[in-house]
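Source file upload10.cif; content: mmCIF, C-alpha atoms and all ligand atoms; chains and numbers go by the auth columns.
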data_upload
#
loop_
_atom_site.group_PDB
_atom_site.id
_atom_site.type_symbol
_atom_site.label_atom_id
_atom_site.label_comp_id
_atom_site.label_asym_id
_atom_site.label_seq_id
_atom_site.Cartn_x
_atom_site.Cartn_y
_atom_site.Cartn_z
_atom_site.B_iso_or_equiv
_atom_site.auth_seq_id
_atom_site.auth_asym_id
ATOM 1 C CA MET A 1 78.182 112.757 66.012 0.00 1 A
ATOM 2 C CA ASN A 2 76.992 114.163 69.324 0.00 2 A
ATOM 3 C CA ILE A 3 75.940 111.627 71.952 0.00 3 A
ATOM 4 C CA SER A 4 75.256 113.118 75.391 0.00 4 A
ATOM 5 C CA LEU A 5 76.362 111.381 78.579 0.00 5 A
ATOM 6 C CA SER A 6 76.381 112.366 82.253 0.00 6 A
ATOM 7 C CA VAL A 7 79.241 111.703 84.638 0.00 7 A
ATOM 8 C CA LEU A 8 78.236 109.229 87.356 0.00 8 A
ATOM 9 C CA ALA A 9 81.621 109.055 89.115 0.00 9 A
ATOM 10 C CA CYS A 10 85.324 109.520 88.616 0.00 10 A
ATOM 11 C CA THR A 11 87.492 107.704 91.142 0.00 11 A
ATOM 12 C CA PRO A 12 91.212 106.879 91.390 0.00 12 A
ATOM 13 C CA VAL A 13 92.351 103.359 90.460 0.00 13 A
ATOM 14 C CA ASN A 14 95.930 104.199 91.381 0.00 14 A
ATOM 15 C CA GLN A 15 98.046 107.355 91.722 0.00 15 A
ATOM 16 C CA ASN A 16 97.791 108.288 88.024 0.00 16 A
ATOM 17 C CA THR A 17 94.815 106.428 86.623 0.00 17 A
ATOM 18 C CA PHE A 18 91.148 107.187 87.171 0.00 18 A
ATOM 19 C CA LEU A 19 87.972 105.257 86.428 0.00 19 A
ATOM 20 C CA LEU A 20 85.363 107.440 84.745 0.00 20 A
ATOM 21 C CA ILE A 21 81.822 106.047 84.811 0.00 21 A
ATOM 22 C CA THR A 22 79.077 107.685 82.781 0.00 22 A
ATOM 23 C CA THR A 23 75.486 107.082 81.842 0.00 23 A
ATOM 24 C CA LYS A 24 74.837 105.057 78.698 0.00 24 A
ATOM 25 C CA PRO A 25 72.221 106.102 76.166 0.00 25 A
ATOM 26 C CA ARG A 26 69.493 103.506 75.599 0.00 26 A
ATOM 27 C CA GLY A 27 70.490 101.065 72.857 0.00 27 A
ATOM 28 C CA PHE A 28 74.062 102.388 72.575 0.00 28 A
ATOM 29 C CA LEU A 29 76.495 99.686 71.367 0.00 29 A
ATOM 30 C CA PHE A 30 80.227 99.676 70.643 0.00 30 A
ATOM 31 C CA ILE A 31 82.846 97.192 69.491 0.00 31 A
ATOM 32 C CA PRO A 32 85.002 95.932 72.413 0.00 32 A
ATOM 33 C CA GLY A 33 88.518 97.327 71.897 0.00 33 A
ATOM 34 C CA HIS A 34 87.211 100.463 70.226 0.00 34 A
ATOM 35 C CA SER A 35 87.389 104.036 71.476 0.00 35 A
ATOM 36 C CA CYS A 36 85.413 107.231 71.331 0.00 36 A
ATOM 37 C CA LEU A 37 86.266 110.870 71.038 0.00 37 A
ATOM 38 C CA LEU A 38 85.031 112.184 74.369 0.00 38 A
ATOM 39 C CA GLY A 39 84.746 115.779 75.525 0.00 39 A
ATOM 40 C CA PHE A 40 82.817 118.000 77.873 0.00 40 A
ATOM 41 C CA SER A 41 79.629 119.363 76.312 0.00 41 A
ATOM 42 C CA ASP A 42 80.531 122.924 77.306 0.00 42 A
ATOM 43 C CA HIS A 43 84.167 122.707 76.090 0.00 43 A
ATOM 44 C CA GLU A 44 85.436 123.307 72.576 0.00 44 A
ATOM 45 C CA PRO A 45 85.292 120.161 70.375 0.00 45 A
ATOM 46 C CA THR A 46 89.104 120.430 69.960 0.00 46 A
ATOM 47 C CA LYS A 47 89.412 119.481 73.638 0.00 47 A
ATOM 48 C CA ALA A 48 87.828 116.076 73.063 0.00 48 A
ATOM 49 C CA ARG A 49 90.236 113.116 73.367 0.00 49 A
ATOM 50 C CA ALA A 50 90.196 109.430 72.488 0.00 50 A
ATOM 51 C CA PHE A 51 89.299 107.057 75.338 0.00 51 A
ATOM 52 C CA THR A 52 88.699 103.314 75.112 0.00 52 A
ATOM 53 C CA PHE A 53 85.543 101.655 76.432 0.00 53 A
ATOM 54 C CA ILE A 54 86.378 99.222 79.264 0.00 54 A
ATOM 55 C CA SER A 55 82.760 98.426 80.143 0.00 55 A
ATOM 56 C CA THR A 56 80.793 95.839 78.189 0.00 56 A
ATOM 57 C CA ASN A 57 77.703 96.231 76.049 0.00 57 A
ATOM 58 C CA GLN A 58 75.795 94.405 78.812 0.00 58 A
ATOM 59 C CA ASP A 59 76.647 97.054 81.430 0.00 59 A
ATOM 60 C CA GLU A 60 74.137 99.808 82.082 0.00 60 A
ATOM 61 C CA TYR A 61 76.925 102.409 82.142 0.00 61 A
ATOM 62 C CA LEU A 62 80.037 103.299 80.143 0.00 62 A
ATOM 63 C CA ALA A 63 83.480 103.075 81.750 0.00 63 A
ATOM 64 C CA PHE A 64 86.810 104.546 80.720 0.00 64 A
ATOM 65 C CA LEU A 65 90.299 104.681 82.199 0.00 65 A
ATOM 66 C CA ILE A 66 91.808 108.161 82.257 0.00 66 A
ATOM 67 C CA LYS A 67 95.568 108.345 82.676 0.00 67 A
ATOM 68 C CA ARG A 68 96.607 111.680 84.178 0.00 68 A
ATOM 69 C CA SER A 69 99.096 113.424 81.907 0.00 69 A
ATOM 70 C CA PRO A 70 102.139 115.054 83.575 0.00 70 A
ATOM 71 C CA SER A 71 101.587 118.175 81.431 0.00 71 A
ATOM 72 C CA SER A 72 99.761 120.892 83.393 0.00 72 A
ATOM 73 C CA GLU A 73 98.047 121.935 80.117 0.00 73 A
ATOM 74 C CA SER A 74 96.540 118.500 79.559 0.00 74 A
ATOM 75 C CA VAL A 75 92.771 118.115 79.304 0.00 75 A
ATOM 76 C CA THR A 76 93.130 114.881 81.276 0.00 76 A
ATOM 77 C CA HIS A 77 93.087 117.071 84.406 0.00 77 A
ATOM 78 C CA ASP A 78 89.529 118.155 83.535 0.00 78 A
ATOM 79 C CA PHE A 79 88.449 114.529 83.053 0.00 79 A
ATOM 80 C CA ILE A 80 89.906 113.251 86.324 0.00 80 A
ATOM 81 C CA ARG A 81 88.188 116.097 88.219 0.00 81 A
ATOM 82 C CA ALA A 82 84.819 115.405 86.555 0.00 82 A
ATOM 83 C CA GLN A 83 81.912 115.637 88.982 0.00 83 A
ATOM 84 C CA PRO A 84 78.676 113.596 88.996 0.00 84 A
ATOM 85 C CA GLY A 85 76.113 115.292 86.760 0.00 85 A
ATOM 86 C CA GLN A 86 78.624 117.008 84.468 0.00 86 A
ATOM 87 C CA GLU A 87 77.662 116.625 80.834 0.00 87 A
ATOM 88 C CA LEU A 88 79.980 114.844 78.411 0.00 88 A
ATOM 89 C CA CYS A 89 79.659 114.302 74.707 0.00 89 A
ATOM 90 C CA ILE A 90 80.838 111.472 72.441 0.00 90 A
ATOM 91 C CA ARG A 91 81.931 113.198 69.247 0.00 91 A
ATOM 92 C CA GLY A 92 83.011 110.102 67.325 0.00 92 A
ATOM 93 C CA LEU A 93 83.539 106.335 67.510 0.00 93 A
ATOM 94 C CA PHE A 94 86.553 104.557 66.035 0.00 94 A
ATOM 95 C CA GLY A 95 89.172 101.900 66.578 0.00 95 A
ATOM 96 C CA THR A 96 91.414 99.306 65.034 0.00 96 A
ATOM 97 C CA HIS A 97 91.446 96.805 67.899 0.00 97 A
ATOM 98 C CA ARG A 98 88.935 94.004 67.701 0.00 98 A
ATOM 99 C CA ALA A 99 88.791 90.622 69.427 0.00 99 A
ATOM 100 C CA THR A 100 88.751 88.025 66.653 0.00 100 A
ATOM 101 C CA THR A 101 90.876 84.991 67.518 0.00 101 A
ATOM 102 C CA PRO A 102 93.130 84.093 70.456 0.00 102 A
ATOM 103 C CA GLY A 103 96.537 85.694 70.200 0.00 103 A
ATOM 104 C CA THR A 104 99.304 87.616 71.904 0.00 104 A
ATOM 105 C CA PHE A 105 98.324 91.079 73.046 0.00 105 A
ATOM 106 C CA ILE A 106 101.144 93.516 73.794 0.00 106 A
ATOM 107 C CA ALA A 107 100.487 96.744 75.708 0.00 107 A
ATOM 108 C CA SER A 108 102.338 99.576 77.345 0.00 108 A
ATOM 109 C CA GLY A 109 100.810 101.628 80.147 0.00 109 A
ATOM 110 C CA ILE A 110 97.217 102.670 79.508 0.00 110 A
ATOM 111 C CA GLY A 111 97.388 100.705 76.235 0.00 111 A
ATOM 112 C CA ILE A 112 96.007 97.876 78.355 0.00 112 A
ATOM 113 C CA ALA A 113 92.501 99.369 77.894 0.00 113 A
ATOM 114 C CA PRO A 114 91.390 97.497 74.722 0.00 114 A
ATOM 115 C CA PHE A 115 92.735 94.197 76.092 0.00 115 A
ATOM 116 C CA LEU A 116 90.884 94.754 79.378 0.00 116 A
ATOM 117 C CA ALA A 117 87.765 95.245 77.248 0.00 117 A
ATOM 118 C CA TYR A 118 88.494 91.911 75.500 0.00 118 A
ATOM 119 C CA ALA A 119 88.936 90.196 78.881 0.00 119 A
ATOM 120 C CA ARG A 120 85.565 91.475 80.048 0.00 120 A
ATOM 121 C CA THR A 121 83.680 90.741 76.836 0.00 121 A
ATOM 122 C CA HIS A 122 85.408 87.695 75.337 0.00 122 A
ATOM 123 C CA PRO A 123 86.841 85.642 78.243 0.00 123 A
ATOM 124 C CA GLU A 124 86.685 82.487 76.068 0.00 124 A
ATOM 125 C CA LEU A 125 89.187 84.174 73.725 0.00 125 A
ATOM 126 C CA THR A 126 91.482 85.726 76.349 0.00 126 A
ATOM 127 C CA LYS A 127 91.626 82.375 78.223 0.00 127 A
ATOM 128 C CA GLN A 128 93.581 81.102 75.202 0.00 128 A
ATOM 129 C CA SER A 129 95.686 84.267 74.808 0.00 129 A
ATOM 130 C CA THR A 130 98.895 85.758 76.164 0.00 130 A
ATOM 131 C CA LEU A 131 99.140 89.286 77.531 0.00 131 A
ATOM 132 C CA LEU A 132 102.506 91.063 77.609 0.00 132 A
ATOM 133 C CA TRP A 133 102.326 94.387 79.432 0.00 133 A
ATOM 134 C CA SER A 134 105.114 96.914 79.878 0.00 134 A
ATOM 135 C CA LEU A 135 104.888 99.503 82.646 0.00 135 A
ATOM 136 C CA LYS A 136 107.306 101.795 84.425 0.00 136 A
ATOM 137 C CA LYS A 137 106.784 100.650 88.028 0.00 137 A
ATOM 138 C CA ALA A 138 104.799 98.076 90.006 0.00 138 A
ATOM 139 C CA GLU A 139 102.605 100.867 91.383 0.00 139 A
ATOM 140 C CA ASP A 140 101.381 101.513 87.811 0.00 140 A
ATOM 141 C CA ILE A 141 99.830 98.041 87.483 0.00 141 A
ATOM 142 C CA ILE A 142 96.016 98.002 87.592 0.00 142 A
ATOM 143 C CA TYR A 143 93.459 95.162 87.559 0.00 143 A
ATOM 144 C CA GLU A 144 96.271 92.601 87.830 0.00 144 A
ATOM 145 C CA GLN A 145 94.179 89.878 89.462 0.00 145 A
ATOM 146 C CA GLU A 146 91.361 90.263 86.935 0.00 146 A
ATOM 147 C CA LEU A 147 93.824 90.120 84.038 0.00 147 A
ATOM 148 C CA ARG A 148 95.615 87.055 85.428 0.00 148 A
ATOM 149 C CA GLN A 149 92.287 85.262 85.743 0.00 149 A
ATOM 150 C CA ALA A 150 91.165 86.299 82.261 0.00 150 A
ATOM 151 C CA PHE A 151 94.296 85.419 80.239 0.00 151 A
ATOM 152 C CA LYS A 152 96.096 82.113 79.821 0.00 152 A
ATOM 153 C CA GLU A 153 99.391 83.851 80.524 0.00 153 A
ATOM 154 C CA VAL A 154 100.212 87.360 81.754 0.00 154 A
ATOM 155 C CA ILE A 155 103.780 88.665 81.557 0.00 155 A
ATOM 156 C CA ILE A 156 104.404 92.046 83.147 0.00 156 A
ATOM 157 C CA THR A 157 107.712 93.814 82.646 0.00 157 A
ATOM 158 C CA LEU A 158 108.797 96.940 84.531 0.00 158 A
ATOM 159 C CA THR A 159 111.154 99.390 82.862 0.00 159 A
ATOM 160 C CA GLN A 160 112.025 101.575 85.855 0.00 160 A
ATOM 161 C CA GLU A 161 112.068 99.209 88.813 0.00 161 A
ATOM 162 C CA ARG A 162 113.331 95.786 89.863 0.00 162 A
ATOM 163 C CA HIS A 163 110.639 93.689 91.520 0.00 163 A
ATOM 164 C CA PRO A 164 110.740 89.968 92.366 0.00 164 A
ATOM 165 C CA ALA A 165 107.238 89.322 90.972 0.00 165 A
ATOM 166 C CA TYR A 166 107.803 90.833 87.523 0.00 166 A
ATOM 167 C CA LYS A 167 110.242 90.881 84.659 0.00 167 A
ATOM 168 C CA GLN A 168 112.564 93.851 84.383 0.00 168 A
ATOM 169 C CA GLY A 169 113.404 95.956 81.352 0.00 169 A
ATOM 170 C CA ARG A 170 111.996 96.834 77.969 0.00 170 A
ATOM 171 C CA ILE A 171 110.406 94.267 75.681 0.00 171 A
ATOM 172 C CA THR A 172 113.157 92.685 73.617 0.00 172 A
ATOM 173 C CA LYS A 173 113.300 90.482 70.548 0.00 173 A
ATOM 174 C CA GLU A 174 114.441 87.648 72.844 0.00 174 A
ATOM 175 C CA LEU A 175 111.391 88.046 75.083 0.00 175 A
ATOM 176 C CA LEU A 176 109.031 88.196 72.093 0.00 176 A
ATOM 177 C CA SER A 177 110.634 85.096 70.582 0.00 177 A
ATOM 178 C CA THR A 178 109.416 83.051 73.577 0.00 178 A
ATOM 179 C CA LEU A 179 105.758 83.891 72.804 0.00 179 A
ATOM 180 C CA PRO A 180 103.276 82.561 70.263 0.00 180 A
ATOM 181 C CA LEU A 181 103.319 85.190 67.534 0.00 181 A
ATOM 182 C CA THR A 182 100.109 84.490 65.661 0.00 182 A
ATOM 183 C CA ASN A 183 97.464 87.229 65.860 0.00 183 A
ATOM 184 C CA THR A 184 99.632 89.736 67.681 0.00 184 A
ATOM 185 C CA GLN A 185 98.036 93.042 68.576 0.00 185 A
ATOM 186 C CA VAL A 186 99.930 96.020 69.982 0.00 186 A
ATOM 187 C CA CYS A 187 98.574 99.020 71.894 0.00 187 A
ATOM 188 C CA GLY A 188 100.539 101.854 73.444 0.00 188 A
ATOM 189 C CA SER A 189 102.232 105.103 72.539 0.00 189 A
ATOM 190 C CA TYR A 190 103.237 105.659 68.924 0.00 190 A
ATOM 191 C CA GLU A 191 106.905 105.083 69.840 0.00 191 A
ATOM 192 C CA PHE A 192 106.135 101.858 71.721 0.00 192 A
ATOM 193 C CA SER A 193 103.902 100.475 68.974 0.00 193 A
ATOM 194 C CA THR A 194 106.453 101.281 66.270 0.00 194 A
ATOM 195 C CA ALA A 195 109.310 99.669 68.206 0.00 195 A
ATOM 196 C CA ILE A 196 107.326 96.487 68.938 0.00 196 A
ATOM 197 C CA LYS A 197 106.073 96.165 65.367 0.00 197 A
ATOM 198 C CA GLU A 198 109.665 96.447 64.112 0.00 198 A
ATOM 199 C CA LEU A 199 110.739 93.628 66.450 0.00 199 A
ATOM 200 C CA LEU A 200 107.786 91.505 65.353 0.00 200 A
ATOM 201 C CA MET A 201 108.709 92.065 61.703 0.00 201 A
ATOM 202 C CA LEU A 202 112.243 90.823 62.420 0.00 202 A
ATOM 203 C CA LEU A 203 110.896 87.702 64.110 0.00 203 A
ATOM 204 C CA THR A 204 108.180 86.788 61.658 0.00 204 A
ATOM 205 C CA HIS A 205 109.790 87.605 58.266 0.00 205 A
HETATM 206 C C1 LIG B . 92.756 105.153 69.915 0.00 301 A
HETATM 207 C C2 LIG B . 93.186 105.825 71.218 0.00 301 A
HETATM 208 C C3 LIG B . 92.665 105.366 72.408 0.00 301 A
HETATM 209 C C4 LIG B . 93.048 105.957 73.613 0.00 301 A
HETATM 210 N N1 LIG B . 92.529 105.476 74.789 0.00 301 A
HETATM 211 C C5 LIG B . 92.901 106.050 75.955 0.00 301 A
HETATM 212 C C6 LIG B . 92.360 105.571 77.196 0.00 301 A
HETATM 213 O O1 LIG B . 91.552 104.637 77.250 0.00 301 A
HETATM 214 N N2 LIG B . 92.776 106.199 78.334 0.00 301 A
HETATM 215 C C7 LIG B . 93.676 107.244 78.312 0.00 301 A
HETATM 216 O O2 LIG B . 94.007 107.765 79.370 0.00 301 A
HETATM 217 N N3 LIG B . 94.171 107.714 77.155 0.00 301 A
HETATM 218 C C8 LIG B . 93.798 107.155 75.990 0.00 301 A
HETATM 219 N N4 LIG B . 94.303 107.658 74.821 0.00 301 A
HETATM 220 C C9 LIG B . 95.159 108.868 74.862 0.00 301 A
HETATM 221 C C10 LIG B . 94.273 110.136 74.979 0.00 301 A
HETATM 222 O O3 LIG B . 93.415 110.245 73.855 0.00 301 A
HETATM 223 C C11 LIG B . 95.088 111.420 75.053 0.00 301 A
HETATM 224 O O4 LIG B . 95.954 111.523 73.963 0.00 301 A
HETATM 225 C C12 LIG B . 95.899 111.494 76.330 0.00 301 A
HETATM 226 O O5 LIG B . 95.009 111.473 77.420 0.00 301 A
HETATM 227 C C13 LIG B . 96.749 112.763 76.387 0.00 301 A
HETATM 228 O O6 LIG B . 95.907 113.845 76.238 0.00 301 A
HETATM 229 P P1 LIG B . 96.509 115.314 76.351 0.00 301 A
HETATM 230 O O7 LIG B . 95.425 116.285 76.145 0.00 301 A
HETATM 231 O O8 LIG B . 97.326 115.421 77.589 0.00 301 A
HETATM 232 O O9 LIG B . 97.567 115.358 75.162 0.00 301 A
HETATM 233 P P2 LIG B . 97.236 115.418 73.618 0.00 301 A
HETATM 234 O O10 LIG B . 96.890 116.824 73.244 0.00 301 A
HETATM 235 O O11 LIG B . 96.279 114.349 73.223 0.00 301 A
HETATM 236 O O12 LIG B . 98.675 115.077 73.056 0.00 301 A
HETATM 237 C C14 LIG B . 99.222 113.741 73.175 0.00 301 A
HETATM 238 C C15 LIG B . 100.728 113.880 73.211 0.00 301 A
HETATM 239 O O13 LIG B . 101.194 114.632 72.115 0.00 301 A
HETATM 240 C C16 LIG B . 101.952 115.740 72.545 0.00 301 A
HETATM 241 N N5 LIG B . 101.546 116.869 71.702 0.00 301 A
HETATM 242 C C17 LIG B . 100.359 117.501 71.688 0.00 301 A
HETATM 243 N N6 LIG B . 100.368 118.492 70.788 0.00 301 A
HETATM 244 C C18 LIG B . 101.588 118.488 70.219 0.00 301 A
HETATM 245 C C19 LIG B . 102.216 119.262 69.202 0.00 301 A
HETATM 246 N N7 LIG B . 101.590 120.283 68.596 0.00 301 A
HETATM 247 N N8 LIG B . 103.492 118.957 68.881 0.00 301 A
HETATM 248 C C20 LIG B . 104.131 117.959 69.486 0.00 301 A
HETATM 249 N N9 LIG B . 103.618 117.188 70.443 0.00 301 A
HETATM 250 C C21 LIG B . 102.351 117.457 70.809 0.00 301 A
HETATM 251 C C22 LIG B . 101.551 115.968 74.004 0.00 301 A
HETATM 252 O O14 LIG B . 102.678 116.465 74.729 0.00 301 A
HETATM 253 C C23 LIG B . 101.188 114.605 74.477 0.00 301 A
HETATM 254 O O15 LIG B . 102.312 113.924 74.966 0.00 301 A
HETATM 255 C C24 LIG B . 93.945 107.062 73.609 0.00 301 A
HETATM 256 C C25 LIG B . 94.457 107.520 72.393 0.00 301 A
HETATM 257 C C26 LIG B . 94.089 106.914 71.208 0.00 301 A
HETATM 258 C C27 LIG B . 94.660 107.444 69.910 0.00 301 A
#

What is this file in structure tokens?
Amino acid sequence: MNISLSVLACTPVNQNTFLLITTKPRGFLFIPGHSCLLGFSDHEPTKARAFTFISTNQDEYLAFLIKRSPSSESVTHDFIRAQPGQELCIRGLFGTHRATTPGTFIASGIGIAPFLAYARTHPELTKQSTLLWSLKKAEDIIYEQELRQAFKEVIITLTQERHPAYKQGRITKELLSTLPLTNTQVCGSYEFSTAIKELLMLLTH
């Protein structure tokens, strides 16, 4: 697959996260919660990375969140410096996240992206759903107001900072046991997802 896009803008959302807006080919559709393999047209295909659509199919553009990686080698540095007019290429479409029924959606860091897509596309579903989001610090939180309006309940927990407005610490079995655990979906790093799925197994089996 080779779908050409042009960068319209890339602007900071906070200190480490950038909003990349691109053109959208006529008739292009995707499943909310899904991702694409995105690269620069003039870079090697191996430098393409997975990014999750956070725009809706009704928007006339595509939008992605790009989290800057601390590694100086990371291709995320190319994405966050993207200039209007630069050519990008979607090299594949994929995903396991899909909004089906209300549930409990559990994210860490940039793993919020598919659930933000749900909020924007299926507000009737997120209005009956709980969002549990783990981040390092309060400064890492993005789109908080939008998320609080979109979900029935939003619980944010910070692992590296105490803050009066948020919970503190990692997600525990005790915290999960207070939530409705039907249709749980998890999105985050491999380590985060594995740890949460293990806790969910303990609680539901
Ligand atoms: C389905 C999906 C959706 C995603 N959506 C988003 C999104 O919306 N926004 C976003 O910012 N990111 C998203 N990501 C993450 C993104 O695709 C990149 O992985 C991320 O930006 C890091 O890219 P990178 O080039 O720095 O590291 P990558 O090369 O992708 O590597 C990822 C991690 O693996 C480590 N690694 C790489 N190679 C090796 C190796 N040989 N041995 C050991 N460790 C290695 C790196 O240190 C790094 O920590 C998504 C990922 C997936 C799978």

Given the choices A:Ile80, A:Leu203, A:Ala119, A:Leu131, which gets closest to ligand LIG 301 (chain A) if the distance is worked out from all atoms listed in the file?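 Between A:Ile80, A:Leu203, A:Ala119, A:Leu131, the residue approaching ligand LIG 301 (chain A) most closely is A:Ile80.
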
Would you name the residues within 10 Å of ligand LIG 301 (chain A), counting all atoms listed in the file, and put them as a VMD selection string? chain A and resid 16 to 20 33 to 38 46 to 54 63 to 80 93 to 97 109 to 114 187 to 190

Which protein, DNA or RNA residues have an atom at most 10 Å from (106.9, 102.9, 89.6), counting only C-alpha atoms? List them as a VMD selection string. chain A and resid 135 to 141 158 to 162

Suppose a student applies the PyMOL selection byres (((chain A and resi 90) around 7) and not hetatm) to this structure; what residues should they get, written as a list in words?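 Taken on the displayed file, the PyMOL selection byres (((chain A and resi 90) around 7) and not hetatm) yields the residues Asn2, Ile3, Ser4, Cys36, Leu37, Leu38, Gly39, Leu88, Cys89, Arg91 and Gly92 of chain A.
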
Picked residues, the PyMOL selection byres (((chain A and resi 180) around 12) and not hetatm), expected as a PyMOL selection string: chain A and resi 102-106+128-132+152-153+175-179+181-185+200+203-204

Spatial neighbours of Glu144 in chain A, 10 Å, all atoms listed in the file, chain gap at least 5 places, as an mmCIF file with C-alpha atoms, in the coordinates of the input:
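Generated output (part24.cif):
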data_model
loop_
_atom_site.group_PDB
_atom_site.id
_atom_site.type_symbol
_atom_site.label_atom_id
_atom_site.label_comp_id
_atom_site.auth_asym_id
_atom_site.auth_seq_id
_atom_site.Cartn_x
_atom_site.Cartn_y
_atom_site.Cartn_z
ATOM 1 C CA GLN A 149 92.287 85.262 85.743
ATOM 2 C CA ALA A 150 91.165 86.299 82.261
ATOM 3 C CA VAL A 154 100.212 87.360 81.754
ATOM 4 C CA ILE A 156 104.404 92.046 83.147
#

Please define a box with edges along x, y and z of the file around all atoms of range 186-203 of chain A given in the file, extend it by 6 Å on each side, and return its centre and edge lengths in Å to one decimal, as lines of an AutoDock Vina configuration file.
center_x = 105.4
center_y = 96.7
center_z = 67.6
size_x = 25.7
size_y = 30.0
size_z = 23.7

Residues in the PyMOL selection byres (((chain A and resi 61) around 8) and not hetatm), expressed as JSON, numbers by chain: {"A": [21, 22, 23, 24, 55, 59, 60, 62, 63]}

Counting all atoms listed in the file, find residues at most 10 Å from (75.3, 115.6, 85.7) (file frame) and give them as a ChimeraX atom specification. /A:5-9,22-23,82-88

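Here CA of Gln145 in chain A and CA of His122 in chain A stand 16.8 Å from one another.
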
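Among the candidates A:Arg81, A:Asn57, A:Thr194, A:Ser134, the one nearest to Arg120 in chain A when counting all atoms listed in the file is A:Asn57.
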
Enter the distance from CA of Ser41 in chain A to CA of Met1 in chain A, in Å, rounded to one decimal. 12.3 Å

For CA of Met201 in chain A and CA of Lys167 in chain A, the interatomic separation in Å (one decimal): 23.0 Å

Pick from A:Ile142, A:Ile155, A:Ala117, A:Val13, whichever lies nearest to Pro32 in chain A using all atoms listed in the file: A:Ala117

Restricting the calculation to only C-alpha atoms, which member of A:Thr126, A:Ser193, A:Thr121, A:Thr172 is positioned closest to Gln58 in chain A? A:Thr121

With all atoms listed in the file as the atoms that count, which of A:Leu202, A:Ile31, A:Val186, A:Leu116 lies nearest to Arg148 in chain A?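 Of A:Leu202, A:Ile31, A:Val186, A:Leu116, the one nearest Arg148 in chain A, counting all atoms listed in the file, is A:Leu116.
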
From the set A:Tyr143, A:Phe40, A:Phe30, A:Thr157, which residue has the shortest atom-to-atom contact distance to Arg98 in chain A, counting only C-alpha atoms?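 Among the listed residues, A:Phe30 lies closest to Arg98 in chain A.
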